[in-house]
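> Below you'll find the structure I mean.
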Amino acid sequence: RFFGNTIQVLKADNVDVKIIVRRTPRFSGADLANLVNVAALKAAMDGAKAVSMHGFDYARDKIMLINV
């Protein structure tokens with residue numbers, strides 16, 4: 001499970017929270033919640049049972065591109 005303040009999302013074994021934090025500087029709490037939601041949606045679209053690191057990278061890129 002991931003991030004205690006958000007919905008409970010199952011994360012894959014390859015997910016490293018420390019790496020996600022380092023890759024998301026200046027993200028607010030709302031941005032991080034959005035990151036988890038977008039990553040979960042990506043996992044669902046891909047038919048995965050858990051969110052992978054690839055899903056979090058996808059979500060980060062999507063959020064950063066929208067905010068430019």
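Chain labels run A, B, ... following the order of the structure tokens; each chain numbers its residues from 1, and ligands are numbered from 1 in the order shown.
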Find the residues around segment 45-48 of chain A up to 12 Å (only C-alpha atoms counted), leave out those fewer than 4 positions away in its own chain, and share them as a PDB file with all heavy atoms, in the first residue's frame.

ATOM      1  N   VAL A   9      -3.502   2.164  -2.544  1.00  0.00           N
ATOM      2  CA  VAL A   9      -3.146   1.676  -3.873  1.00  0.00           C
ATOM      3  C   VAL A   9      -2.080   0.607  -3.706  1.00  0.00           C
ATOM      4  O   VAL A   9      -1.083   0.821  -3.012  1.00  0.00           O
ATOM      5  CB  VAL A   9      -2.621   2.837  -4.758  1.00  0.00           C
ATOM      6  CG1 VAL A   9      -2.128   2.327  -6.084  1.00  0.00           C
ATOM      7  CG2 VAL A   9      -3.700   3.882  -4.945  1.00  0.00           C
ATOM      8  N   LEU A  10      -2.295  -0.516  -4.343  1.00  0.00           N
ATOM      9  CA  LEU A  10      -1.320  -1.594  -4.288  1.00  0.00           C
ATOM     10  C   LEU A  10      -0.130  -1.233  -5.166  1.00  0.00           C
ATOM     11  O   LEU A  10      -0.302  -0.863  -6.322  1.00  0.00           O
ATOM     12  CB  LEU A  10      -1.986  -2.870  -4.808  1.00  0.00           C
ATOM     13  CG  LEU A  10      -1.541  -4.182  -4.166  1.00  0.00           C
ATOM     14  CD1 LEU A  10      -1.762  -4.133  -2.676  1.00  0.00           C
ATOM     15  CD2 LEU A  10      -2.320  -5.310  -4.775  1.00  0.00           C
ATOM     16  N   LYS A  11       1.084  -1.314  -4.615  1.00  0.00           N
ATOM     17  CA  LYS A  11       2.264  -0.993  -5.409  1.00  0.00           C
ATOM     18  C   LYS A  11       3.048  -2.256  -5.707  1.00  0.00           C
ATOM     19  O   LYS A  11       3.068  -3.198  -4.912  1.00  0.00           O
ATOM     20  CB  LYS A  11       3.135   0.036  -4.707  1.00  0.00           C
ATOM     21  CG  LYS A  11       3.788  -0.413  -3.430  1.00  0.00           C
ATOM     22  CD  LYS A  11       4.640   0.689  -2.838  1.00  0.00           C
ATOM     23  CE  LYS A  11       5.283   0.298  -1.551  1.00  0.00           C
ATOM     24  NZ  LYS A  11       6.320  -0.672  -1.641  1.00  0.00           N
ATOM     25  N   ALA A  12       3.670  -2.270  -6.870  1.00  0.00           N
ATOM     26  CA  ALA A  12       4.486  -3.403  -7.281  1.00  0.00           C
ATOM     27  C   ALA A  12       5.779  -3.439  -6.467  1.00  0.00           C
ATOM     28  O   ALA A  12       6.149  -2.460  -5.805  1.00  0.00           O
ATOM     29  CB  ALA A  12       4.791  -3.313  -8.769  1.00  0.00           C
ATOM     30  N   VAL A  38      -3.204   9.085 -10.953  1.00  0.00           N
ATOM     31  CA  VAL A  38      -2.890   8.901 -12.372  1.00  0.00           C
ATOM     32  C   VAL A  38      -2.154   7.581 -12.581  1.00  0.00           C
ATOM     33  O   VAL A  38      -2.424   6.847 -13.534  1.00  0.00           O
ATOM     34  CB  VAL A  38      -2.085  10.100 -12.921  1.00  0.00           C
ATOM     35  CG1 VAL A  38      -1.579   9.833 -14.327  1.00  0.00           C
ATOM     36  CG2 VAL A  38      -2.924  11.360 -12.897  1.00  0.00           C
ATOM     37  N   ALA A  39      -1.226   7.260 -11.683  1.00  0.00           N
ATOM     38  CA  ALA A  39      -0.493   5.995 -11.784  1.00  0.00           C
ATOM     39  C   ALA A  39      -1.438   4.806 -11.628  1.00  0.00           C
ATOM     40  O   ALA A  39      -1.308   3.802 -12.336  1.00  0.00           O
ATOM     41  CB  ALA A  39       0.615   5.939 -10.731  1.00  0.00           C
ATOM     42  N   ALA A  40      -2.412   4.931 -10.724  1.00  0.00           N
ATOM     43  CA  ALA A  40      -3.386   3.850 -10.532  1.00  0.00           C
ATOM     44  C   ALA A  40      -4.270   3.689 -11.766  1.00  0.00           C
ATOM     45  O   ALA A  40      -4.581   2.563 -12.178  1.00  0.00           O
ATOM     46  CB  ALA A  40      -4.235   4.125  -9.299  1.00  0.00           C
ATOM     47  N   LEU A  41      -4.675   4.803 -12.369  1.00  0.00           N
ATOM     48  CA  LEU A  41      -5.463   4.737 -13.599  1.00  0.00           C
ATOM     49  C   LEU A  41      -4.664   4.082 -14.730  1.00  0.00           C
ATOM     50  O   LEU A  41      -5.198   3.272 -15.496  1.00  0.00           O
ATOM     51  CB  LEU A  41      -5.914   6.134 -14.023  1.00  0.00           C
ATOM     52  CG  LEU A  41      -7.020   6.746 -13.180  1.00  0.00           C
ATOM     53  CD1 LEU A  41      -7.237   8.204 -13.570  1.00  0.00           C
ATOM     54  CD2 LEU A  41      -8.306   5.959 -13.347  1.00  0.00           C
ATOM     55  N   SER A  52       3.175   0.020 -10.927  1.00  0.00           N
ATOM     56  CA  SER A  52       4.619  -0.189 -11.059  1.00  0.00           C
ATOM     57  C   SER A  52       5.355   1.147 -11.098  1.00  0.00           C
ATOM     58  O   SER A  52       4.742   2.221 -11.183  1.00  0.00           O
ATOM     59  CB  SER A  52       4.917  -0.956 -12.347  1.00  0.00           C
ATOM     60  OG  SER A  52       4.621  -0.142 -13.464  1.00  0.00           O
ATOM     61  N   HIS A  54       7.005   2.193 -13.532  1.00  0.00           N
ATOM     62  CA  HIS A  54       6.711   2.754 -14.849  1.00  0.00           C
ATOM     63  C   HIS A  54       5.442   3.607 -14.775  1.00  0.00           C
ATOM     64  O   HIS A  54       5.370   4.682 -15.383  1.00  0.00           O
ATOM     65  CB  HIS A  54       6.549   1.629 -15.879  1.00  0.00           C
ATOM     66  CG  HIS A  54       6.058   2.105 -17.203  1.00  0.00           C
ATOM     67  ND1 HIS A  54       6.849   2.826 -18.075  1.00  0.00           N
ATOM     68  CD2 HIS A  54       4.849   1.990 -17.794  1.00  0.00           C
ATOM     69  CE1 HIS A  54       6.141   3.126 -19.153  1.00  0.00           C
ATOM     70  NE2 HIS A  54       4.932   2.625 -19.002  1.00  0.00           N
ATOM     71  N   GLY A  55       4.443   3.151 -14.042  1.00  0.00           N
ATOM     72  CA  GLY A  55       3.205   3.908 -13.884  1.00  0.00           C
ATOM     73  C   GLY A  55       3.431   5.234 -13.179  1.00  0.00           C
ATOM     74  O   GLY A  55       2.852   6.255 -13.556  1.00  0.00           O
TER      75      GLY A  55
END
> Can you tell me which residues surround segment 56-66 of chain A at a distance of at most 8 Å, considering only C-alpha atoms, apart from same-chain residues fewer than 5 positions away, and format the answer as a JSON list (two decimals) with N, CA and C atoms, in the first residue's frame?

[["chain", "number", "residue", "atom", "x", "y", "z"],
["A", 20, "ILE", "N", 10.73, 8.06, -6.01],
["A", 20, "ILE", "CA", 9.60, 8.89, -6.42],
["A", 20, "ILE", "C", 9.70, 10.28, -5.79],
["A", 24, "THR", "N", 10.16, 14.07, -7.76],
["A", 24, "THR", "CA", 9.02, 14.99, -7.73],
["A", 24, "THR", "C", 9.28, 16.18, -6.82],
["A", 35, "LEU", "N", -0.58, 12.26, -8.45],
["A", 35, "LEU", "CA", 0.39, 11.32, -9.00],
["A", 35, "LEU", "C", -0.04, 9.88, -8.75],
["A", 36, "VAL", "N", -0.46, 9.59, -7.53],
["A", 36, "VAL", "CA", -0.90, 8.24, -7.18],
["A", 36, "VAL", "C", -2.15, 7.87, -7.98],
["A", 38, "VAL", "N", -3.20, 9.09, -10.95],
["A", 38, "VAL", "CA", -2.89, 8.90, -12.37],
["A", 38, "VAL", "C", -2.15, 7.58, -12.58],
["A", 39, "ALA", "N", -1.23, 7.26, -11.68],
["A", 39, "ALA", "CA", -0.49, 6.00, -11.78],
["A", 39, "ALA", "C", -1.44, 4.81, -11.63],
["A", 42, "LYS", "N", -3.38, 4.42, -14.83],
["A", 42, "LYS", "CA", -2.52, 3.81, -15.85],
["A", 42, "LYS", "C", -2.43, 2.30, -15.63],
["A", 51, "VAL", "N", 0.43, -0.97, -9.07],
["A", 51, "VAL", "CA", 1.07, 0.15, -9.75],
["A", 51, "VAL", "C", 2.58, -0.07, -9.75]]
> Using the chain letters and numbers from this document, which residues of chain A does DSSP assign to helix (DSSP H, G or I), as a ChimeraX atom specification?
/A:17-23,29-46,53-66
